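Notes to accompany the following structure.
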Amino acid sequence: ETDILLQFKQSIANSGAISNWDPSTKPCDGDDGNWEGVLCYNGYVWGLKLENMGLMGFINIDLLSKLPYLRTISFMNNSFNTPMPDIKRLGGLKSLYLSDNDFGGEIADDAFLGMAYLKKVYLANNNFRGSIPSSLAKLPKLLYLRLEGNKFEGGIPDFRQKDLKVVDLSNNQLQGPIPETLSNMSLNAFQGNKALCGKPLDACPGDPKQADKQTSSLMIAVIVLACLLGFIIIANIIVLIYRKRAQHTELARSPSMGKQKLMPNASKVVERRVSEKPRRAEQGKLSFIKEENERFDLNDLLRSSAEVLGSGTFGASYKAVIGSGEAFVVKRYKHMNNLGRDEFHEHMRRLGRLRHPNLLPLVAYYYRKEEKLLITNFVYNGSLASLLHGNHSEDQPALSWATRLKIIKGVVKGLAYLYSELPSMTVPHGHLKSSNVLLDESFEPLLSDYALLHVINPEHAQQLMAAYKSPEYAQHGRTMRKTDIWSLGILILEILTGKFPMCYMTQGAPSTGSNEDLASWVRTAYAEEDGMNKIYDKEMGEMKEYEGQMLKLLRIGLGCCEEDVEVRWDLKKVVEKFEEIKGQDDGIEWFPAN
Ligand SMILES: Nc1ncnc2c1ncn2[C@@H]1O[C@H](COP(=O)(O)OP(=O)(O)OP(=O)(O)O)[C@@H](O)[C@H]1O
């Protein structure tokens, strides 16, 4: 075993961390093992735990297959960037941990064939592509499977294992139905995919068993909107008659009104004074925040070409391009049922009053008891999440450091505005995460999904919203004024590391037994001698010049991620520290003048 391990050491690059693998000693003298990362039992090697060591190169399975008692291997959090090693040659393996590396390429369909003892497979946060190998679905003893944060595509194979405890397939590009055996997994396990459907997500279109339950986002939208159509036509006729009468009366009353211009493509509507106050939602009718935006109605959205942008945690979002060519996003909120019409209207009016260059403004909304629609402009550069974690091309290169800095500064400005404008809300944003940071054509960030925490049904909010993934909620069941700051900290670390934090954002200690989150991973790396190299996202390219700025941002991120709320920085301190990072926008006021 000594020779095999020494040869293995030579086959991997950057093996400084295992310098005590020395031919003059033995790997195992007792169960603790003498050599770094070698796990022993009865004097034999049964495991390798080589995590967080900056290892690279190639994992020589030939050599490992010569260790007869090897049962577990972990190379988590290193920099391996080869295709998947030929793991099935380690037939006795019980646990395989390869998460948080740069492994890539497709995994052969039979990659896990015949692995009769394999219980734990962790391949998360790599660059694996192609289909999920069907041999995984046939592993007789599989209990834990974590594939999140890759680029797996296509359908989910038919997992038959009855004892599966944890499965996480989030943030891939999977589509199609979720197999019934996985229907009892948490919603988070499937988030961030291309088009998955079926329990625990919305039902698949055409699924006869579930269609009547109205859980399919697409189906329900079609059904609800179709039902409304008839309603709207009648409502429109009534409103038209009413308006004509009102117009007639007004024109008769005020001669000057006759001089007003007609709205562009809305000859029936006389242009009105811009009002901050949205009109009360009429049945079957959109309520616009600004009346000059009132160039379309629900009918136009129904008639428009619509594209599903994603099935977010609250419901699906659609991009709808209306006749004029303008694109809007219609987001369905299924979990505001506790809200009465007046309360909803009041809250929308409050949101409608918010104006800031870093907030995505609400254009219109729609109220119905069972569901609410919020309509915003479509933002062409998409979300920070997709730019950080999606595929890059010539048209869409990786985000540079300067752009990342600009984005996070904008996020803080937007957040500071929310804090100052919504002093009565404990958690003014409540759902701050990278998919809710949209980027306009000059990469100025626009925060979305803000200030909704208290209008989402509590039972759903607690399951779905970023604020409730905070340590204070996990530990004390409370959210606080500094809860958004924790989400901001995670966002900062995500921007710096390029790592997707979602898989860590589970409530309390993740059931995988790991109690690490992105912040503690960064903290550990930060304490290591060469840790910085590991922390910063290599996709930013050459970074030497900006190391000072990056370090300052890293410290802010960690200050925001302090678990102890007392120690965690407050917004004022965050803003002060941001002002110390010199960027192109020096001198810009962070807090609104009032
Ligand atoms: N106005 C918009 N313009 C462009 N893209 C948008 C817009 N609103 C949302 N998106 C994108 O559409 C996708 C789906 O958004 P949605 O808000 O439904 O879900 P989410 O942000 O992933 O999750 P959650 O429901 O928890 O907010 C996301 O990638 C999001 O970034």
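So you can find residues: chains in the structure tokens are A, B, ... in the order shown, residues in each start at 1, and ligands are numbered from 1 in order.
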
Within 6 Å of ligand 1 (only C-alpha atoms and all ligand atoms), residues as a VMD selection string: chain A and resid 309 to 314 316 to 317 329 376 to 380 382 to 383 435 to 436

Any idea what's packed within 6 Å of range 430-432 of chain A, counting only C-alpha atoms, ignoring anything in its chain fewer than 4 positions away? Could you give it as a compact mmCIF listing (two decimals) with N, CA and C atoms, in the first residue's frame?
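Output saved as around-v8.txt:
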```
# COMPACT_ATOMS: atom_id res chain seq x y z
N LEU A 453 -41.55 39.75 1.13
CA LEU A 453 -41.49 38.76 2.20
C LEU A 453 -42.82 38.62 2.96
N MET A 465 -37.97 31.41 0.52
CA MET A 465 -37.29 32.69 0.33
C MET A 465 -35.90 32.73 0.95
N ALA A 466 -35.03 33.48 0.29
CA ALA A 466 -33.63 33.53 0.70
C ALA A 466 -33.47 33.93 2.17
N ALA A 467 -34.32 34.88 2.63
CA ALA A 467 -34.17 35.36 4.01
C ALA A 467 -34.27 34.22 5.01
N SER A 487 -27.65 37.70 3.11
CA SER A 487 -27.84 37.33 1.69
C SER A 487 -26.87 38.11 0.81
```

Which residue of A:Ile12, A:Leu286, A:Val455, A:Leu229 approaches Gly340 in chain A most closely, using only C-alpha atoms: A:Val455

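Non-sequential neighbours of Leu387 in chain A (distance at most 9 Å, separation of 6 or more positions within a chain, only C-alpha atoms) are A:Asn381, A:Gln396, A:Pro397, A:Ala398, A:Leu399.
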
Next, write the just-selected residues to a file, as a PDB file, in the first residue's frame, keeping N, CA and C atoms as the atom set.
```
ATOM      1  N   ASN A 381     -30.028  41.601 -20.560  1.00  0.00           N
ATOM      2  CA  ASN A 381     -28.794  40.850 -20.261  1.00  0.00           C
ATOM      3  C   ASN A 381     -28.992  39.714 -19.266  1.00  0.00           C
ATOM      4  N   GLN A 396     -21.002  36.152 -25.146  1.00  0.00           N
ATOM      5  CA  GLN A 396     -21.254  36.300 -23.721  1.00  0.00           C
ATOM      6  C   GLN A 396     -20.045  35.810 -22.924  1.00  0.00           C
ATOM      7  N   PRO A 397     -18.982  36.633 -22.910  1.00  0.00           N
ATOM      8  CA  PRO A 397     -17.785  36.195 -22.191  1.00  0.00           C
ATOM      9  C   PRO A 397     -18.015  36.221 -20.685  1.00  0.00           C
ATOM     10  N   ALA A 398     -17.097  35.603 -19.957  1.00  0.00           N
ATOM     11  CA  ALA A 398     -17.217  35.608 -18.491  1.00  0.00           C
ATOM     12  C   ALA A 398     -17.145  37.051 -17.993  1.00  0.00           C
ATOM     13  N   LEU A 399     -17.775  37.305 -16.851  1.00  0.00           N
ATOM     14  CA  LEU A 399     -17.788  38.670 -16.319  1.00  0.00           C
ATOM     15  C   LEU A 399     -16.403  39.053 -15.797  1.00  0.00           C
TER      16      LEU A 399
END
```

From the set A:Leu518, A:Leu182, A:Gln191, A:Leu354, which residue has the shortest atom-to-atom contact distance to Glu421 in chain A, counting only C-alpha atoms?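 Counting only C-alpha atoms, the residue closest to Glu421 in chain A is A:Leu354.
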